[in-house]
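Asker: Supplied in structure tokens, the structure appears directly below.
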Amino acid sequence: MDTKEQPLYAAADLPRTRRFHAPSLLLLIAGLAVGSAALVVYSLSGPGPAPAKKEPIGAAWSYEEVFSNPNWPKNRKPDFVVVITGQTDGYIQKCGCSDPQKGGLERRFNLIEGFKAHGIEAIPVDIGDVAPHQDHKLLHPQALLKYKTAMQAMKAMGYRVVGLGEAEFALGLHEALGAFSQQPGNEQPRVLAANLLGYKFNDKVTQKAQAFPNGVPNGSMIHDWDIISIPTKDKNKINVGVIGIVGDPIVQAVKKIDNKMVFAEPPGPKTDDIVRQSLKDMKKQQNQPNVNLMLYSGSGLLAEKAADMFAEFDLVIGPGGDASIVPTFSKTNPNTMVVLVGHKGQDIGVVGFFKNAKGGFDKFYQCVTLSPEFETPAGKEDKNAALKELEEYSKTVKNDNFLSKNRKVPYSLTSKATYVGSETCMKCHNAPANPNDNSWAVWSASKHAQAYNSLVNIAKKPSLRQFDGECIRCHTVGYDFNTGFVDAVKTPALKNVGCESCHGPASDHVANPMNQALALQLSPWKIEGAGNLPSAEKMKAYEEEKDQAKKQKILTEQETRIRDKVDRLVCITCHNQENDPHFRIETFWPKIVHSKMPAAKGAAPKPNANTKDDGPPIILPPAQPLPKPSVNPTDGGPPLGLPSGPAQQLPKP
């Protein structure tokens, strides 16, 4: 079948994105012009963090430094830029605690403000998936609050349009729109989804204006298109038309989430017909566009097909998934650039539009990573509107006491043990009680012992992180499990990353410390009850050895297996690549290596056949479906509080 005959909603089996992993890349593609456009050029900076500056500069970034790629025009600035974001996935703050972190709405605000400071008109657009992909670790009300906060921050940044991703439908589209778009004064950013036709009530399709009303006669919270007008120095205006489309595989996923959502598809109007009609409608406007964009929330491959089908678009924007994507050009429409962005708002796509002699625009692309240089300098926090929204978010999380609404679960199938706190462990695991045991001394001098206070005293942008379950679960003991941390008043002994954060609840062991079976329950990474982590000396030697042949001989097979199990079962549940990019167990284990008490007595437990050598199984309650949207936007069903623990997929409602 010819590409032009394929509807945009087809090929549901295609992957959501086409990914290209490129640690660092500069690319130049030149094509002959079509119509009014001349040479089309783009460049891509690598996805890794830019060199961190000694001091953050926020919105005072240098245009020449940020857009320094050889292929970006020199000695002239663009007439306007399109700033492209998408798939924020609820990461409204930078991803984690340990620098260099990337992303966050605070830094995004500074990037966009910087364009204004350089006299460059910026059009920020977002393809959708603003909301978090809710899982068992995040309360439904908190996920909804994150969406509202992000939309409010984007409004402050000057966003005019935003698409819809799967996350917004899973959150409950009526609830999400009711939390922001339906509120007076929140007409922008406009939510675009031209091929979302309406909603079924009693088997009758209700059109968008009735299904998603905005309080204006015949008005809807979901629009087909928008036209953004940009003033120019010659008093003319550049009009940019934007159409939003929800494509596959998201359409197919939405049907499983809420099968009452009605999209354009046979036997009714097709999505490509809807796009053609939207283009015609925009052309009828007094400010008809001379530049057209499509926000395509779906497969990256289908975004490319959309670019092939419609020569009217200068730019088709789709989701990039979890890797940097090289922009491409349509095979049939060489003037149409396809840009895919995403991954938690860490990398921002910027397309510069430069007027050419033929009256059209040359287009140049660059990826800008929101690295520490875009952080707001100390003393200028009150100038950052996004940071103000984040502070309001933190206050609401505290005031609504989300911390206490976490639904806890039993820690283990095999033990009824409860958490006792590190002070109880100290009674035996210290030098006065046992001269050979330095466990308490090592722990109390470590950063683990200050983990809770770091949320109170260090995490200030925004503040109040100690009241946020998303942060507290990695800074306390057992937050997601029965008898674990509740709050600083009710369970003060469980603040910080204590002994039981790694070893599990210890009450049974405390009651019978010489029982070997109970003691071994606190070290589930042992191989059939035997073995230890490598010594600090071995770990250091392993880390420093460059010869791979020699490196593989340093650790025994058992030591390697135990190291890997500890890393997988314990460390990287918090010290993952995004929260702590510097973490390597070989480097950090020597900092907390501690001795142990003499071996306890009693029979060693037999390996649990159901654990696949991964330690005691964790109980998780049955997953619950997300609340379905209703006619009343505020009637979203009961709040959903799902516990933390090993990853568990929610079933499709």
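Labeling convention for the structure tokens: chains A, B, ... as they appear, residues from 1 per chain, ligands from 1 in order of appearance.
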Mind the document's chain letters and residue numbers, and return as a VMD selection string the residues of range 499-570 of chain A that DSSP labels helix (DSSP H, G or I).
Answerer: chain A and resid 499 to 503 507 to 511 516 to 520 536 to 544 548 to 551 557 to 569
Asker: Fewer than 2 positions away in the same chain doesn't count, so skip those; otherwise give me all residues within 8 Å of Ala193 in chain A, counting only C-alpha atoms, as a list of chain:residue names.
Answerer: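 Contacts, in chain order: A:Gly163, A:Leu164, A:Val191, A:Asn195, A:Leu196, A:Ile222, A:His223, A:Asp224, A:Trp225, A:Ile243, A:Gly244, A:Ile245, A:Val246.
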Asker: Now that the selection is made, can you save its residues with N, CA and C atoms as a short mmCIF file (atom, residue, chain, number, x, y, z; two decimals), in the first residue's frame?
Answerer:
data_model
loop_
_atom_site.label_atom_id
_atom_site.label_comp_id
_atom_site.auth_asym_id
_atom_site.auth_seq_id
_atom_site.Cartn_x
_atom_site.Cartn_y
_atom_site.Cartn_z
N GLY A 163 -0.46 18.45 23.87
CA GLY A 163 -1.18 17.28 23.39
C GLY A 163 -1.64 16.38 24.52
N LEU A 164 -2.22 15.25 24.16
CA LEU A 164 -2.67 14.25 25.13
C LEU A 164 -1.89 12.96 24.93
N VAL A 191 -5.49 22.25 25.21
CA VAL A 191 -5.31 20.81 24.99
C VAL A 191 -5.80 20.49 23.59
N ASN A 195 -8.46 14.31 16.61
CA ASN A 195 -9.14 13.05 16.27
C ASN A 195 -9.82 12.39 17.46
N LEU A 196 -9.85 13.03 18.62
CA LEU A 196 -10.70 12.58 19.72
C LEU A 196 -12.04 13.26 19.52
N ILE A 222 -11.09 20.43 24.98
CA ILE A 222 -10.20 19.78 24.03
C ILE A 222 -10.46 20.39 22.65
N HIS A 223 -9.42 20.87 22.00
CA HIS A 223 -9.54 21.56 20.73
C HIS A 223 -8.86 20.75 19.62
N ASP A 224 -9.20 21.08 18.39
CA ASP A 224 -8.58 20.43 17.24
C ASP A 224 -7.25 21.09 16.88
N TRP A 225 -7.23 22.42 16.94
CA TRP A 225 -6.06 23.17 16.48
C TRP A 225 -5.99 24.52 17.16
N ILE A 243 -1.78 21.49 15.08
CA ILE A 243 -2.84 20.48 15.15
C ILE A 243 -2.37 19.35 16.05
N GLY A 244 -3.24 18.87 16.92
CA GLY A 244 -2.89 17.77 17.82
C GLY A 244 -3.58 16.48 17.42
N ILE A 245 -2.84 15.38 17.42
CA ILE A 245 -3.38 14.06 17.05
C ILE A 245 -2.94 13.03 18.10
N VAL A 246 -3.87 12.15 18.45
CA VAL A 246 -3.54 10.99 19.28
C VAL A 246 -3.49 9.77 18.36
#
Asker: Between A:Val566, A:Ile585, A:Leu413, A:Ala511, which residue has the minimum interatomic distance to Ala536 in chain A, considering only C-alpha atoms?
Answerer: A:Ile585
Asker: I'd like the neighbourhood of His343 in chain A as a list in words, where a residue qualifies if any of its atoms comes within 10 Å (using only C-alpha atoms), though same-chain residues fewer than 4 positions away should be ignored.
Answerer: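 Within the cut-off, the hits are Thr85, Gly86, Gln87, Thr88, Asp89, Tyr91, Gly103, Pro319, Gly320, Gly321, Asp322, Ala323, Ser324, Asp347 and Ile348 of chain A.
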Asker: Would you write out those residues with N, CA, C and O atoms, as a compact mmCIF listing (two decimals), in the first residue's frame?
Answerer:
# COMPACT_ATOMS: atom_id res chain seq x y z
N THR A 85 8.79 19.97 24.11
CA THR A 85 8.89 19.08 25.27
C THR A 85 7.84 17.98 25.14
O THR A 85 6.92 18.06 24.33
N GLY A 86 7.98 16.96 25.96
CA GLY A 86 7.01 15.87 25.94
C GLY A 86 7.44 14.75 26.84
O GLY A 86 8.60 14.65 27.24
N GLN A 87 6.47 13.91 27.22
CA GLN A 87 6.73 12.76 28.08
C GLN A 87 7.43 13.16 29.37
O GLN A 87 8.38 12.52 29.81
N THR A 88 6.95 14.23 29.99
CA THR A 88 7.48 14.63 31.29
C THR A 88 7.21 13.54 32.32
O THR A 88 7.99 13.34 33.26
N ASP A 89 6.10 12.81 32.15
CA ASP A 89 5.77 11.66 33.00
C ASP A 89 5.75 12.00 34.49
O ASP A 89 6.13 11.18 35.33
N TYR A 91 7.64 14.04 36.11
CA TYR A 91 8.93 14.43 36.70
C TYR A 91 9.02 15.95 36.70
O TYR A 91 9.76 16.55 35.94
N GLY A 103 16.78 17.78 33.88
CA GLY A 103 15.35 17.97 33.82
C GLY A 103 14.81 18.88 34.91
O GLY A 103 15.53 19.56 35.63
N PRO A 319 6.69 11.49 20.25
CA PRO A 319 7.37 11.09 21.49
C PRO A 319 8.66 10.34 21.21
O PRO A 319 8.74 9.50 20.31
N GLY A 320 9.69 10.63 21.99
CA GLY A 320 11.00 10.02 21.77
C GLY A 320 11.31 8.85 22.67
O GLY A 320 12.35 8.22 22.51
N GLY A 321 10.46 8.56 23.66
CA GLY A 321 10.75 7.45 24.55
C GLY A 321 11.92 7.75 25.46
O GLY A 321 12.11 8.87 25.92
N ASP A 322 12.77 6.73 25.71
CA ASP A 322 13.82 6.89 26.71
C ASP A 322 15.20 7.06 26.10
O ASP A 322 16.21 6.72 26.71
N ALA A 323 15.27 7.59 24.91
CA ALA A 323 16.58 7.83 24.30
C ALA A 323 16.51 9.05 23.41
O ALA A 323 15.43 9.47 22.99
N SER A 324 17.66 9.65 23.13
CA SER A 324 17.69 10.77 22.21
C SER A 324 17.42 10.28 20.80
O SER A 324 17.88 9.22 20.39
N ASP A 347 15.65 16.29 28.19
CA ASP A 347 16.20 16.90 26.98
C ASP A 347 15.12 17.69 26.26
O ASP A 347 14.00 17.20 26.07
N ILE A 348 15.44 18.90 25.87
CA ILE A 348 14.48 19.79 25.23
C ILE A 348 14.90 19.98 23.77
O ILE A 348 16.05 20.28 23.47
Asker: Write down as a PyMOL selection string the residues of range 485-550 of chain A whose backbone DSSP state falls under strand (DSSP E or B).
Answerer: chain A and resi 495+515+527+530
Asker: Set the distance at 8 Å and use only C-alpha atoms: which residues neighbour Ser501 in chain A once local chain neighbours fewer than 4 positions away are removed? I'd like the list as a ChimeraX atom specification.
Answerer: /A:476-478,497
Asker: Any chance you can output those residues with N, CA and C atoms as a tab-separated table (two decimals), in the first residue's frame?
Answerer:
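Contents of part22.tsv, as written:
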chain	number	residue	atom	x	y	z
A	476	THR	N	14.04	6.74	54.64
A	476	THR	CA	13.57	6.21	55.91
A	476	THR	C	13.58	4.69	55.85
A	477	VAL	N	13.14	4.09	56.95
A	477	VAL	CA	13.11	2.63	57.05
A	477	VAL	C	11.69	2.11	56.83
A	478	GLY	N	11.51	1.27	55.81
A	478	GLY	CA	10.28	0.50	55.64
A	478	GLY	C	9.02	1.29	55.39
A	497	VAL	N	18.15	6.15	56.58
A	497	VAL	CA	18.35	4.83	55.99
A	497	VAL	C	19.08	4.00	57.03
Asker: What's the separation between CA of Ser299 in chain A and CA of Ser330 in chain A, in Å to one decimal place?
Answerer: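 Interatomic distance here is 15.3 Å.
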